[in-house]
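As provided, coords.txt (compact mmCIF, N, CA and C atoms) reads as follows.
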```txt
# COMPACT_ATOMS: atom_id res chain seq x y z
N GLN D 1 -13.96 -0.91 16.52
CA GLN D 1 -13.00 0.13 16.83
C GLN D 1 -11.62 -0.48 17.10
N ARG D 2 -11.62 -1.56 17.82
CA ARG D 2 -10.34 -2.22 18.10
C ARG D 2 -9.72 -2.74 16.81
N GLN D 3 -10.56 -3.31 15.93
CA GLN D 3 -10.06 -3.82 14.65
C GLN D 3 -9.43 -2.69 13.84
N MET D 4 -10.05 -1.52 13.89
CA MET D 4 -9.54 -0.39 13.12
C MET D 4 -8.16 0.01 13.65
N CYS D 5 -7.99 0.04 14.95
CA CYS D 5 -6.69 0.39 15.52
C CYS D 5 -5.64 -0.67 15.17
N ILE D 6 -6.05 -1.92 15.14
CA ILE D 6 -5.13 -3.00 14.75
C ILE D 6 -4.69 -2.82 13.30
N ARG D 7 -5.65 -2.50 12.41
CA ARG D 7 -5.31 -2.27 11.00
C ARG D 7 -4.34 -1.11 10.85
N ASP D 8 -4.62 -0.04 11.56
CA ASP D 8 -3.77 1.14 11.43
C ASP D 8 -2.39 0.90 12.03
N SER D 9 -2.33 0.14 13.11
CA SER D 9 -1.03 -0.22 13.67
C SER D 9 -0.26 -1.10 12.68
N TYR D 10 -0.99 -2.00 12.01
CA TYR D 10 -0.37 -2.85 10.99
C TYR D 10 0.24 -1.98 9.89
N MET D 11 -0.51 -0.99 9.45
CA MET D 11 0.00 -0.11 8.39
C MET D 11 1.27 0.59 8.82
N LEU D 12 1.30 1.07 10.04
CA LEU D 12 2.48 1.78 10.52
C LEU D 12 3.68 0.84 10.68
N GLU D 13 3.43 -0.34 11.22
CA GLU D 13 4.53 -1.29 11.44
C GLU D 13 5.14 -1.78 10.12
N HIS D 14 4.28 -1.99 9.12
CA HIS D 14 4.74 -2.55 7.84
C HIS D 14 4.91 -1.50 6.75
N HIS D 15 4.66 -0.24 7.09
CA HIS D 15 4.70 0.85 6.10
C HIS D 15 3.86 0.47 4.88
N ALA D 16 2.68 -0.06 5.16
CA ALA D 16 1.80 -0.60 4.12
C ALA D 16 0.98 0.50 3.47
N THR D 17 0.59 0.23 2.24
CA THR D 17 -0.34 1.11 1.54
C THR D 17 -1.76 0.72 1.93
N VAL D 18 -2.73 1.53 1.53
CA VAL D 18 -4.13 1.22 1.80
C VAL D 18 -4.48 -0.11 1.13
N ARG D 19 -4.01 -0.30 -0.08
CA ARG D 19 -4.29 -1.54 -0.81
C ARG D 19 -3.72 -2.76 -0.09
N GLN D 20 -2.50 -2.65 0.40
CA GLN D 20 -1.88 -3.78 1.11
C GLN D 20 -2.63 -4.09 2.41
N ALA D 21 -3.03 -3.06 3.14
CA ALA D 21 -3.77 -3.27 4.38
C ALA D 21 -5.13 -3.89 4.09
N ALA D 22 -5.80 -3.42 3.06
CA ALA D 22 -7.11 -3.96 2.70
C ALA D 22 -6.99 -5.44 2.35
N LYS D 23 -5.96 -5.78 1.61
CA LYS D 23 -5.75 -7.18 1.22
C LYS D 23 -5.44 -8.05 2.44
N ALA D 24 -4.61 -7.53 3.35
CA ALA D 24 -4.23 -8.29 4.54
C ALA D 24 -5.42 -8.58 5.45
N PHE D 25 -6.40 -7.68 5.49
CA PHE D 25 -7.54 -7.84 6.39
C PHE D 25 -8.82 -8.23 5.67
N GLY D 26 -8.75 -8.43 4.35
CA GLY D 26 -9.92 -8.86 3.60
C GLY D 26 -11.02 -7.81 3.52
N LEU D 27 -10.63 -6.55 3.42
CA LEU D 27 -11.59 -5.45 3.34
C LEU D 27 -11.41 -4.70 2.03
N SER D 28 -12.35 -3.81 1.75
CA SER D 28 -12.21 -2.99 0.56
C SER D 28 -11.28 -1.81 0.86
N LYS D 29 -10.66 -1.29 -0.19
CA LYS D 29 -9.78 -0.13 -0.02
C LYS D 29 -10.56 1.06 0.52
N SER D 30 -11.77 1.23 0.04
CA SER D 30 -12.56 2.38 0.49
C SER D 30 -12.90 2.29 1.97
N SER D 31 -13.15 1.09 2.48
CA SER D 31 -13.43 0.93 3.92
C SER D 31 -12.21 1.28 4.75
N VAL D 32 -11.05 0.79 4.33
CA VAL D 32 -9.82 1.08 5.06
C VAL D 32 -9.53 2.58 5.01
N HIS D 33 -9.68 3.17 3.85
CA HIS D 33 -9.39 4.60 3.70
C HIS D 33 -10.35 5.44 4.54
N LYS D 34 -11.62 5.10 4.56
CA LYS D 34 -12.61 5.85 5.35
C LYS D 34 -12.29 5.71 6.84
N ASP D 35 -11.94 4.51 7.26
CA ASP D 35 -11.58 4.31 8.67
C ASP D 35 -10.41 5.21 9.06
N MET D 36 -9.43 5.30 8.19
CA MET D 36 -8.23 6.07 8.53
C MET D 36 -8.48 7.57 8.52
N HIS D 37 -9.31 8.03 7.62
CA HIS D 37 -9.52 9.48 7.49
C HIS D 37 -10.61 10.02 8.41
N GLN D 38 -11.66 9.24 8.63
CA GLN D 38 -12.79 9.77 9.38
C GLN D 38 -12.89 9.22 10.79
N ARG D 39 -12.75 7.93 10.94
CA ARG D 39 -13.00 7.31 12.25
C ARG D 39 -11.79 7.31 13.17
N LEU D 40 -10.61 7.05 12.63
CA LEU D 40 -9.42 6.96 13.47
C LEU D 40 -9.10 8.24 14.23
N PRO D 41 -9.13 9.41 13.60
CA PRO D 41 -8.82 10.64 14.35
C PRO D 41 -9.75 10.87 15.55
N GLN D 42 -10.97 10.36 15.48
CA GLN D 42 -11.90 10.49 16.60
C GLN D 42 -11.51 9.57 17.75
N LEU D 43 -10.91 8.42 17.43
CA LEU D 43 -10.52 7.46 18.47
C LEU D 43 -9.16 7.78 19.07
N SER D 44 -8.21 8.06 18.21
CA SER D 44 -6.84 8.31 18.68
C SER D 44 -6.21 9.38 17.81
N GLU D 45 -6.09 10.55 18.37
CA GLU D 45 -5.56 11.67 17.59
C GLU D 45 -4.11 11.44 17.19
N SER D 46 -3.30 10.91 18.10
CA SER D 46 -1.88 10.71 17.78
C SER D 46 -1.69 9.63 16.72
N LEU D 47 -2.42 8.53 16.84
CA LEU D 47 -2.34 7.46 15.84
C LEU D 47 -2.87 7.99 14.50
N GLY D 48 -3.90 8.80 14.54
CA GLY D 48 -4.45 9.40 13.33
C GLY D 48 -3.43 10.26 12.61
N ARG D 49 -2.66 11.03 13.37
CA ARG D 49 -1.62 11.87 12.75
C ARG D 49 -0.54 11.02 12.11
N GLN D 50 -0.14 9.95 12.80
CA GLN D 50 0.91 9.08 12.26
C GLN D 50 0.45 8.42 10.96
N VAL D 51 -0.79 7.95 10.95
CA VAL D 51 -1.32 7.30 9.75
C VAL D 51 -1.46 8.32 8.63
N GLU D 52 -1.86 9.53 8.95
CA GLU D 52 -1.99 10.58 7.94
C GLU D 52 -0.63 10.87 7.29
N LEU D 53 0.43 10.90 8.09
CA LEU D 53 1.77 11.11 7.54
C LEU D 53 2.17 9.96 6.61
N LEU D 54 1.82 8.74 7.01
CA LEU D 54 2.12 7.57 6.16
C LEU D 54 1.35 7.67 4.84
N LEU D 55 0.08 8.07 4.90
CA LEU D 55 -0.71 8.22 3.68
C LEU D 55 -0.11 9.29 2.77
N GLN D 56 0.33 10.38 3.34
CA GLN D 56 0.95 11.44 2.55
C GLN D 56 2.23 10.95 1.89
N TYR D 57 3.02 10.18 2.63
CA TYR D 57 4.25 9.62 2.08
C TYR D 57 3.92 8.67 0.92
N ASN D 58 2.95 7.77 1.14
CA ASN D 58 2.58 6.82 0.09
C ASN D 58 2.10 7.54 -1.16
N LYS D 59 1.36 8.62 -0.97
CA LYS D 59 0.88 9.39 -2.12
C LYS D 59 2.05 10.05 -2.86
N ALA D 60 3.04 10.51 -2.10
CA ALA D 60 4.18 11.19 -2.70
C ALA D 60 5.06 10.24 -3.51
N VAL D 61 5.11 8.97 -3.15
CA VAL D 61 6.00 8.04 -3.85
C VAL D 61 5.27 7.07 -4.77
N ARG D 62 3.97 7.24 -4.94
CA ARG D 62 3.25 6.27 -5.76
C ARG D 62 3.71 6.26 -7.21
N HIS D 63 4.13 7.40 -7.73
CA HIS D 63 4.62 7.42 -9.11
C HIS D 63 5.92 6.63 -9.23
N LEU D 64 6.72 6.59 -8.18
CA LEU D 64 7.95 5.80 -8.20
C LEU D 64 7.64 4.32 -8.17
N ARG D 65 6.65 3.93 -7.35
CA ARG D 65 6.26 2.52 -7.30
C ARG D 65 5.71 2.06 -8.63
N GLY D 66 4.92 2.91 -9.27
CA GLY D 66 4.36 2.56 -10.58
C GLY D 66 5.45 2.39 -11.62
N GLY D 67 6.45 3.27 -11.60
CA GLY D 67 7.56 3.16 -12.54
C GLY D 67 8.38 1.90 -12.29
N ALA D 68 8.58 1.56 -11.03
CA ALA D 68 9.34 0.35 -10.71
C ALA D 68 8.58 -0.90 -11.16
N ALA D 69 7.27 -0.89 -11.00
CA ALA D 69 6.46 -2.04 -11.43
C ALA D 69 6.50 -2.20 -12.94
N THR D 70 6.44 -1.09 -13.65
CA THR D 70 6.50 -1.14 -15.11
C THR D 70 7.86 -1.66 -15.57
N ARG D 71 8.91 -1.18 -14.95
CA ARG D 71 10.26 -1.62 -15.30
C ARG D 71 10.42 -3.12 -15.05
N LYS D 72 9.91 -3.59 -13.91
CA LYS D 72 10.01 -5.01 -13.58
C LYS D 72 9.26 -5.85 -14.61
N ARG D 73 8.06 -5.41 -14.98
CA ARG D 73 7.26 -6.13 -15.96
C ARG D 73 7.98 -6.18 -17.31
N PHE D 74 8.58 -5.07 -17.72
CA PHE D 74 9.32 -5.01 -18.98
C PHE D 74 10.51 -5.96 -18.94
N LEU D 75 11.26 -5.94 -17.86
CA LEU D 75 12.44 -6.81 -17.77
C LEU D 75 12.05 -8.28 -17.77
N GLU D 76 10.94 -8.62 -17.10
CA GLU D 76 10.49 -10.02 -17.10
C GLU D 76 10.05 -10.45 -18.50
N ALA D 77 9.35 -9.56 -19.20
CA ALA D 77 8.93 -9.89 -20.57
C ALA D 77 10.13 -10.06 -21.48
N ARG D 78 11.12 -9.21 -21.30
CA ARG D 78 12.34 -9.29 -22.11
C ARG D 78 13.10 -10.58 -21.82
N ALA D 79 13.17 -10.96 -20.56
CA ALA D 79 13.86 -12.20 -20.19
C ALA D 79 13.14 -13.40 -20.79
N ALA D 80 11.81 -13.37 -20.80
CA ALA D 80 11.04 -14.48 -21.38
C ALA D 80 11.28 -14.57 -22.88
N GLU D 81 11.36 -13.42 -23.55
CA GLU D 81 11.64 -13.42 -24.98
C GLU D 81 13.03 -13.96 -25.27
N ASP D 82 14.00 -13.56 -24.45
CA ASP D 82 15.37 -14.01 -24.64
C ASP D 82 15.48 -15.52 -24.45
N SER D 83 14.81 -16.05 -23.43
CA SER D 83 14.89 -17.49 -23.19
C SER D 83 14.18 -18.26 -24.30
N ALA D 84 13.09 -17.71 -24.84
CA ALA D 84 12.39 -18.36 -25.94
C ALA D 84 13.27 -18.36 -27.19
N ALA D 85 14.00 -17.28 -27.42
CA ALA D 85 14.89 -17.20 -28.57
C ALA D 85 16.02 -18.20 -28.46
N VAL D 86 16.55 -18.40 -27.27
CA VAL D 86 17.63 -19.36 -27.05
C VAL D 86 17.12 -20.78 -27.28
N MET D 87 15.90 -21.06 -26.86
CA MET D 87 15.35 -22.40 -27.04
C MET D 87 15.08 -22.71 -28.51
N ARG D 88 14.79 -21.69 -29.32
CA ARG D 88 14.53 -21.92 -30.75
C ARG D 88 15.81 -22.23 -31.51
N GLN D 89 16.95 -21.82 -30.99
CA GLN D 89 18.21 -22.03 -31.72
C GLN D 89 18.71 -23.42 -31.61
```
Could you render the structure as structure tokens?
Amino acid sequence: QRQMCIRDSYMLEHHATVRQAAKAFGLSKSSVHKDMHQRLPQLSESLGRQVELLLQYNKAVRHLRGGAATRKRFLEARAAEDSAAVMRQ
């Protein structure tokens, strides 16, 4: 129970996603998600509400994060192609 509160506090402090919290604590995403949705509200209602708001925010902006990741990957691939072309000349 204490570990769960520590994880959820970590998420709030770092504005972390479920995936980031799972990676930081060496757990599966499903375990972290279940803890936040089912177990946390029973332990701390106020912390549960805060984490729920963070989850809603993360869900609302996930399409933006995905687009930014795709753009970054494209730009890196383009830079690699450009540097390879310069080296061939």
Task: Pairwise distance for atom CA of Ala68 of chain D and atom C of His15 of chain D, rounded to one decimal in Å - done: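 Value for the atom CA of Ala68 of chain D-atom C of His15 of chain D distance: 16.5 Å.
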TODO: Could you please determine the separation between atom C of Leu53 of chain D and atom CA of Arg73 of chain D in Å, to one decimal place?
DONE: 28.2 Å
Task: Distance in Å - atom N of Tyr10 of chain D versus atom CA of Ala22 of chain D - done: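 So the two atoms, atom N of Tyr10 of chain D and atom CA of Ala22 of chain D, lie 11.3 Å apart.
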Task: Spatial neighbours of His33 of chain D, 12 Å, only C-alpha atoms, chain gap at least 6 places, as a ChimeraX atom specification - done: /D:4,7-8,11,17-22,27,39-40,48,51-52,55
